[in-house]
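Shown next: my_file22.txt, containing compact mmCIF, C-alpha atoms.
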# COMPACT_ATOMS: atom_id res chain seq x y z
CA MET A 1 3.57 -64.14 -65.89
CA ILE A 2 5.45 -66.76 -63.89
CA TRP A 3 4.35 -67.79 -60.43
CA ILE A 4 6.77 -69.04 -57.78
CA LEU A 5 5.14 -70.70 -54.79
CA GLY A 6 6.23 -70.07 -51.21
CA ASN A 7 6.21 -72.54 -48.32
CA ASN A 8 2.47 -72.19 -47.67
CA LEU A 9 1.62 -73.38 -51.18
CA LYS A 10 4.43 -75.88 -51.79
CA PRO A 11 2.97 -79.18 -53.07
CA GLY A 12 3.27 -82.10 -50.70
CA PRO A 13 1.76 -85.58 -50.91
CA ARG A 14 -1.04 -84.19 -53.06
CA ILE A 15 -1.51 -81.31 -55.49
CA THR A 16 -4.63 -79.22 -54.91
CA ASP A 17 -6.80 -77.56 -57.56
CA LEU A 18 -5.29 -74.21 -56.50
CA GLN A 19 -1.75 -75.51 -56.98
CA LYS A 20 -2.73 -76.94 -60.39
CA SER A 21 -3.51 -73.41 -61.56
CA PHE A 22 0.20 -72.54 -61.20
CA ILE A 23 1.46 -75.46 -63.29
CA ARG A 24 3.39 -74.61 -66.44
CA VAL A 25 4.72 -76.81 -69.25
CA HIS A 26 8.29 -76.89 -70.57
CA PRO A 27 10.00 -78.92 -73.34
CA VAL A 28 12.38 -80.50 -70.81
CA PHE A 29 10.49 -80.40 -67.50
CA SER A 30 7.11 -81.38 -68.92
CA PHE A 31 4.44 -80.17 -66.44
CA TYR A 32 6.12 -78.39 -63.54
CA ILE A 33 5.73 -76.00 -60.58
CA MET A 34 8.37 -73.70 -59.08
CA HIS A 35 8.90 -73.32 -55.34
CA TYR A 36 11.21 -70.93 -53.48
CA SER A 37 12.31 -71.47 -49.89
CA ALA A 38 13.10 -68.15 -48.21
CA LYS A 39 14.64 -70.04 -45.30
CA ASN A 40 17.07 -72.03 -47.46
CA GLN A 41 17.22 -69.41 -50.22
CA SER A 42 16.79 -72.16 -52.81
CA LEU A 43 14.66 -72.43 -55.92
CA GLN A 44 13.14 -75.83 -56.68
CA ILE A 45 11.54 -77.11 -59.85
CA LEU A 46 9.02 -79.88 -59.27
CA SER A 47 9.01 -81.44 -62.73
CA HIS A 48 7.28 -84.23 -64.70
CA ILE A 49 4.17 -84.00 -62.56
CA GLN A 50 1.97 -87.09 -62.93
CA LYS A 51 -0.68 -88.90 -60.98
CA SER A 52 -1.47 -92.56 -60.58
CA TYR A 53 -5.11 -93.46 -61.00
CA GLY A 54 -7.02 -91.76 -58.18
CA LYS A 55 -4.20 -92.05 -55.64
CA LYS A 56 -0.60 -90.90 -55.76
CA TRP A 57 1.16 -87.89 -57.20
CA HIS A 58 4.62 -88.28 -58.73
CA TYR A 59 7.19 -85.61 -59.52
CA ASN A 60 10.95 -84.99 -59.51
CA SER A 61 12.52 -82.21 -57.47
CA LEU A 62 15.48 -80.26 -58.84
CA THR A 63 17.23 -77.35 -57.06
CA VAL A 64 18.51 -74.69 -59.47
CA GLU A 65 20.21 -71.29 -59.32
CA LEU A 66 17.98 -68.21 -59.36
CA SER A 67 19.61 -67.15 -62.62
CA TYR A 68 18.01 -70.19 -64.23
CA LEU A 69 14.70 -68.31 -64.19
CA ILE A 70 15.78 -66.44 -67.32
CA GLU A 71 16.08 -69.71 -69.25
CA LEU A 72 12.67 -70.79 -68.00
CA VAL A 73 11.08 -67.53 -69.11
CA GLU A 74 12.61 -67.93 -72.56
CA GLU A 75 11.76 -71.66 -72.55
CA SER A 76 15.34 -72.49 -73.47
CA THR A 77 16.44 -76.11 -73.59
CA THR A 78 18.58 -76.89 -70.58
CA LYS A 79 21.79 -78.89 -70.96
CA GLU A 80 21.14 -80.65 -67.66
CA VAL A 81 19.76 -84.17 -67.82
CA ILE A 82 16.37 -84.18 -66.13
CA PRO A 83 15.04 -87.72 -65.58
CA ASP A 84 11.40 -88.37 -66.21
CA THR A 85 9.38 -90.02 -63.45
CA ASP A 86 9.36 -93.80 -63.66
CA LYS A 87 6.58 -95.73 -65.30
CA LEU A 88 3.56 -95.42 -63.06
CA PHE A 89 2.02 -98.38 -61.29
CA PHE A 90 -1.62 -99.14 -61.91
CA ASP A 91 -3.67 -102.07 -60.70
CA LEU A 92 -6.57 -102.41 -63.12
CA LYS A 93 -8.39 -104.87 -60.87
CA GLU A 94 -8.28 -102.34 -58.03
CA ILE A 95 -9.57 -99.66 -60.40
CA HIS A 96 -12.45 -101.98 -61.33
CA PHE A 97 -13.40 -102.60 -57.67
CA ASN A 98 -13.24 -98.85 -56.94
CA LEU A 99 -15.51 -98.18 -59.92
CA MET A 100 -18.05 -100.81 -58.83
CA GLY A 101 -17.95 -99.46 -55.28
CA ALA A 102 -18.59 -95.89 -56.48
CA ALA A 103 -21.52 -97.15 -58.57
CA HIS A 104 -22.95 -98.98 -55.54
CA TYR A 105 -22.89 -95.75 -53.52
CA SER A 106 -24.45 -93.80 -56.40
CA ASN A 107 -21.56 -91.47 -57.12
CA SER A 108 -23.12 -88.75 -59.31
CA LYS A 109 -20.44 -88.90 -62.03
CA ILE A 110 -20.55 -92.69 -62.18
CA ARG A 111 -24.35 -92.62 -62.25
CA GLN A 112 -24.34 -90.36 -65.31
CA PHE A 113 -21.81 -92.64 -67.01
CA CYS A 114 -23.94 -95.72 -66.21
CA GLN A 115 -26.95 -94.02 -67.80
CA GLU A 116 -25.00 -93.44 -71.00
CA LEU A 117 -23.84 -97.06 -71.00
CA TYR A 118 -27.42 -98.26 -70.51
CA LEU A 119 -28.62 -96.25 -73.52
CA ASP A 120 -25.92 -97.98 -75.59
CA ASN A 121 -26.87 -101.45 -74.24
CA GLU A 122 -23.61 -101.56 -72.29
CA THR A 123 -22.85 -102.10 -68.57
CA LEU A 124 -19.97 -101.55 -66.18
CA LEU A 125 -19.40 -105.31 -66.16
CA ASN A 126 -18.94 -105.71 -69.90
CA MET A 127 -16.79 -102.56 -70.31
CA PRO A 128 -13.57 -103.32 -72.24
CA VAL A 129 -10.18 -103.37 -70.52
CA GLU A 130 -9.00 -100.50 -72.72
CA LEU A 131 -11.22 -98.07 -70.78
CA TYR A 132 -9.34 -98.83 -67.55
CA ILE A 133 -5.78 -98.17 -68.69
CA PRO A 134 -4.52 -94.76 -67.50
CA VAL A 135 -2.60 -92.46 -69.82
CA LYS A 136 0.22 -90.21 -68.70
CA HIS A 137 -1.57 -86.87 -68.37
CA GLU A 138 -5.23 -87.80 -67.89
CA TRP A 139 -5.17 -86.05 -64.49
CA LEU A 140 -5.49 -82.79 -66.47
CA ILE A 141 -9.01 -83.76 -67.55
CA GLU A 142 -11.83 -83.14 -65.08
CA THR A 143 -14.27 -85.43 -66.90
CA LEU A 144 -14.41 -88.98 -65.57
CA ALA A 145 -11.59 -90.92 -67.27
CA PHE A 146 -13.83 -93.87 -68.18
CA GLN A 147 -16.30 -91.49 -69.76
CA TRP A 148 -14.11 -89.55 -72.21
CA LYS A 149 -12.25 -92.74 -73.15
CA TYR A 150 -15.59 -94.39 -73.86
CA TYR A 151 -16.62 -91.52 -76.17
CA LEU A 152 -13.37 -91.85 -78.11
CA LEU A 153 -13.49 -95.66 -78.29
CA LYS A 154 -17.15 -95.67 -79.34
CA TRP A 155 -16.38 -93.13 -82.07
CA ILE A 156 -13.57 -95.34 -83.40
CA GLU A 157 -15.79 -98.44 -83.27
CA ASN A 158 -18.41 -96.65 -85.36
CA HIS A 159 -15.92 -96.81 -88.23
CA GLN A 160 -15.75 -99.91 -90.43
CA ILE A 161 -12.88 -102.35 -90.02
CA GLY A 162 -10.01 -101.16 -92.22
CA GLN A 163 -11.32 -97.61 -92.45
CA VAL A 164 -8.68 -94.91 -92.08
CA ILE A 165 -8.83 -92.24 -89.36
CA THR A 166 -6.70 -89.13 -89.86
CA SER A 167 -5.53 -86.58 -87.32
CA LYS A 168 -7.88 -84.10 -88.98
CA ASN A 169 -10.86 -86.39 -88.30
CA LEU A 170 -9.70 -86.95 -84.72
CA ASP A 171 -9.12 -83.24 -84.01
CA ARG A 172 -12.60 -82.42 -85.31
CA PHE A 173 -14.15 -85.05 -83.02
CA ILE A 174 -12.21 -83.79 -79.99
CA GLU A 175 -13.37 -80.22 -80.69
CA LEU A 176 -16.95 -81.51 -80.89
CA LEU A 177 -16.59 -83.18 -77.47
CA ILE A 178 -15.31 -79.92 -76.00
CA ILE A 179 -18.11 -77.84 -77.55
CA LYS A 180 -20.75 -80.26 -76.23
CA GLY A 181 -19.15 -80.23 -72.78
CA LYS A 182 -18.48 -83.96 -72.90
CA ILE A 183 -14.80 -83.46 -72.14
CA LYS A 184 -13.67 -80.76 -69.74
CA CYS A 185 -10.17 -79.93 -68.48
CA TYR A 186 -9.22 -78.36 -65.16
CA ARG A 187 -8.59 -74.63 -65.29
CA MET A 188 -4.89 -74.28 -66.09
CA PRO A 189 -4.29 -70.59 -66.99
CA GLN A 190 -0.50 -71.07 -67.27
CA ILE A 191 -0.84 -73.71 -69.99
CA HIS A 192 -1.72 -72.77 -73.53
CA GLY A 193 -2.96 -75.03 -76.29
CA ASN A 194 -5.47 -77.85 -76.46
CA ILE A 195 -4.72 -80.11 -73.50
CA SER A 196 -7.58 -82.47 -74.38
CA LYS A 197 -6.01 -83.13 -77.77
CA ILE A 198 -2.64 -84.08 -76.22
CA ILE A 199 -4.29 -86.57 -73.87
CA CYS A 200 -6.58 -88.09 -76.49
CA TYR A 201 -3.55 -88.72 -78.68
CA GLU A 202 -1.91 -90.48 -75.72
CA TYR A 203 -4.96 -92.71 -75.51
CA MET A 204 -4.73 -93.46 -79.24
CA GLU A 205 -1.32 -94.98 -78.47
CA VAL A 206 -2.96 -97.27 -75.89
CA LEU A 207 -5.58 -98.38 -78.42
CA ALA A 208 -2.80 -99.05 -80.94
CA GLN A 209 -0.93 -101.20 -78.39
CA HIS A 210 -4.13 -103.23 -77.92
CA ASN A 211 -4.61 -103.61 -81.68
CA ILE A 212 -7.90 -101.72 -81.75
CA ILE A 213 -6.27 -99.42 -84.28
CA LYS A 214 -3.02 -99.60 -86.25
CA MET A 215 -0.78 -96.65 -87.02
CA ILE A 216 -0.24 -96.45 -90.77
CA ARG A 217 1.99 -93.42 -90.56
CA LYS A 218 2.26 -90.44 -88.21
CA ASN A 219 -1.24 -89.20 -87.28
CA LYS A 220 -3.01 -91.73 -89.48
CA TRP A 221 -4.57 -94.97 -88.25
CA SER A 222 -6.66 -97.83 -89.61
CA VAL A 223 -9.41 -99.47 -87.54
CA GLN A 224 -8.53 -103.10 -86.75
CA LYS A 225 -11.23 -104.48 -84.47
CA ARG A 226 -13.84 -103.79 -81.83
CA ALA A 227 -12.71 -103.89 -78.19
CA LYS A 228 -13.68 -107.07 -76.33
CA ARG A 229 -16.69 -106.90 -74.01
CA PHE A 230 -17.17 -109.22 -71.03
CA ASN A 231 -20.10 -111.31 -69.81
CA ASN A 232 -18.19 -112.98 -66.98
CA GLU A 233 -16.58 -110.98 -64.17
CA GLU A 234 -14.04 -113.71 -63.35
CA VAL A 235 -12.70 -113.65 -66.92
CA LYS A 236 -12.63 -109.86 -66.83
CA LEU A 237 -10.67 -109.77 -63.56
CA GLU A 238 -8.10 -112.18 -64.98
CA THR A 239 -7.70 -109.96 -68.05
CA LEU A 240 -7.41 -106.82 -65.91
CA THR A 241 -4.68 -108.47 -63.82
CA LYS A 242 -2.68 -109.39 -66.95
CA ASN A 243 -2.85 -105.81 -68.22
CA SER A 244 -1.79 -104.13 -64.96
CA SER A 245 1.55 -102.35 -64.66
CA MET A 246 3.63 -103.86 -61.88
CA LYS A 247 6.39 -101.24 -61.64
CA SER A 248 6.00 -98.38 -59.12
CA SER A 249 7.84 -95.07 -59.01
CA ASN A 250 10.66 -94.44 -56.55
CA ASN A 251 9.70 -90.76 -56.51
CA GLU A 252 6.02 -91.18 -55.74
CA GLN A 253 4.35 -88.94 -53.19
CA SER A 254 1.71 -90.80 -51.18
CA GLU A 255 -1.59 -89.01 -50.84
Any chance you could put this one into structure tokens?
Amino acid sequence: MIWILGNNLKPGPRITDLQKSFIRVHPVFSFYIMHYSAKNQSLQILSHIQKSYGKKWHYNSLTVELSYLIELVEESTTKEVIPDTDKLFFDLKEIHFNLMGAAHYSNSKIRQFCQELYLDNETLLNMPVELYIPVKHEWLIETLAFQWKYYLLKWIENHQIGQVITSKNLDRFIELLIIKGKIKCYRMPQIHGNISKIICYEYMEVLAQHNIIKMIRKNKWSVQKRAKRFNNEEVKLETLTKNSSMKSSNNEQSE
């Protein structure tokens, strides 16, 4: 079943939970929604849907012929060049201040996360930078981003330095998180497969870039070190600033 949205449901500056339920995935368009304008008699594909941390939605808009629906149904590879959205901007220092502000006002999700940190002798202040860095499709996960990243990082750090982690080990851990309800995705009936797995593998790439793990070969990593914790907020803010992405998208939709 393929849904095509009319004008009343066309995504604008933000994408609602209802609109998310119509999102599909395609080898070329990545995550996309279709919209038809009866007034203009045009079919649009809003492709490469992404979201900056907590703020802006990004997607490309492509007008296609109605006959192109057949290719979409068959998931054929289009010959047209469809550009991906630009690298998303994220200010890690701003994310940190938003997190501390939410904790101050006792946000229920943040409060639960703080309780888990406390039980592990951790705090929001000493949290490593790696927990702040967004990954491309984390907007698909309903669980607090800091929280599921913390579970994955803590699991990796429970391994000895030099120990090998395989994709089989990782998949088993992700399944365990899902079973225990520790990682939960938004309801996306048009998307099949394990979304959580895709996103966790994206985060493994981040940890590899920060030398927490090292890729030995495809889907096999060795543990390199424990992520740095902080005792001084000034030092942490400097580190967050250095790790921020300073390039914003030209196609971003402001919320």
From the set A:Ile33, A:Ile179, A:Ile198, A:Leu43, which residue has the shortest atom-to-atom contact distance to Tyr59 (chain A), counting all atoms listed in the file?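 Residue with the minimum atom-to-atom distance to Tyr59 (chain A): A:Ile33.
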Practice task
Would you work out the distance separating CA of Tyr36 (chain A) from CA of Leu18 (chain A), expressed in Å to one decimal?
Solution key: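 About the pair CA of Tyr36 (chain A) and CA of Leu18 (chain A): they are 17.1 Å apart.
Residue nearest Leu69 (chain A), chosen from A:Ile161, A:Leu124, A:Leu117, A:Ile4 and counting only C-alpha atoms: A:Ile4.
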Using only C-alpha atoms, pick whichever of A:Lys109, A:Gln224, A:Ile15, A:Leu46 has the shortest atom-to-atom distance to Glu157 (chain A).
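Smallest distance to Glu157 (chain A) is found for A:Gln224.
For the atom pair formed by CA of Ala38 (chain A) and CA of Asn7 (chain A), the distance is 8.2 Å, given to one decimal.
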At what distance in Å, to one decimal, does CA of Leu131 (chain A) lie from CA of Ala103 (chain A)?
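Interatomic distance here is 16.0 Å.
If you measure from each of A:Ser47, A:Gln190, A:Gln19, A:Thr241 to Phe31 (chain A) using all atoms listed in the file, the closest one turns out to be A:Ser47.
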ask   = Pick from A:Leu72, A:Leu170, A:Ile213, A:Ile45: nearest to Met1 (chain A), with all atoms listed in the file counted?
value =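 Of the candidates, the smallest distance to Met1 (chain A) is held by A:Leu72.
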The residue from A:Leu99, A:Leu237, A:Leu140, A:Val28 with the smallest atom-to-atom distance to Cys200 (chain A), counting only C-alpha atoms, is A:Leu140
Would you kindly return, as a ChimeraX atom specification, each protein, DNA or RNA residue with an atom no farther than 10 Å from any atom of Tyr32 (chain A), considering only C-alpha atoms and excluding same-chain residues fewer than 5 positions away? /A:20,22-26,45-50,59-61
Write out the residues from the selection above, keeping C-alpha atoms, as a PDB file, keeping the file's coordinate frame.
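In the end it all went to again.pdb:
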ATOM      1  CA  LYS A  20      -2.730 -76.940 -60.390  1.00  0.00           C
ATOM      2  CA  PHE A  22       0.200 -72.540 -61.200  1.00  0.00           C
ATOM      3  CA  ILE A  23       1.460 -75.460 -63.290  1.00  0.00           C
ATOM      4  CA  ARG A  24       3.390 -74.610 -66.440  1.00  0.00           C
ATOM      5  CA  VAL A  25       4.720 -76.810 -69.250  1.00  0.00           C
ATOM      6  CA  HIS A  26       8.290 -76.890 -70.570  1.00  0.00           C
ATOM      7  CA  ILE A  45      11.540 -77.110 -59.850  1.00  0.00           C
ATOM      8  CA  LEU A  46       9.020 -79.880 -59.270  1.00  0.00           C
ATOM      9  CA  SER A  47       9.010 -81.440 -62.730  1.00  0.00           C
ATOM     10  CA  HIS A  48       7.280 -84.230 -64.700  1.00  0.00           C
ATOM     11  CA  ILE A  49       4.170 -84.000 -62.560  1.00  0.00           C
ATOM     12  CA  GLN A  50       1.970 -87.090 -62.930  1.00  0.00           C
ATOM     13  CA  TYR A  59       7.190 -85.610 -59.520  1.00  0.00           C
ATOM     14  CA  ASN A  60      10.950 -84.990 -59.510  1.00  0.00           C
ATOM     15  CA  SER A  61      12.520 -82.210 -57.470  1.00  0.00           C
TER      16      SER A  61
END
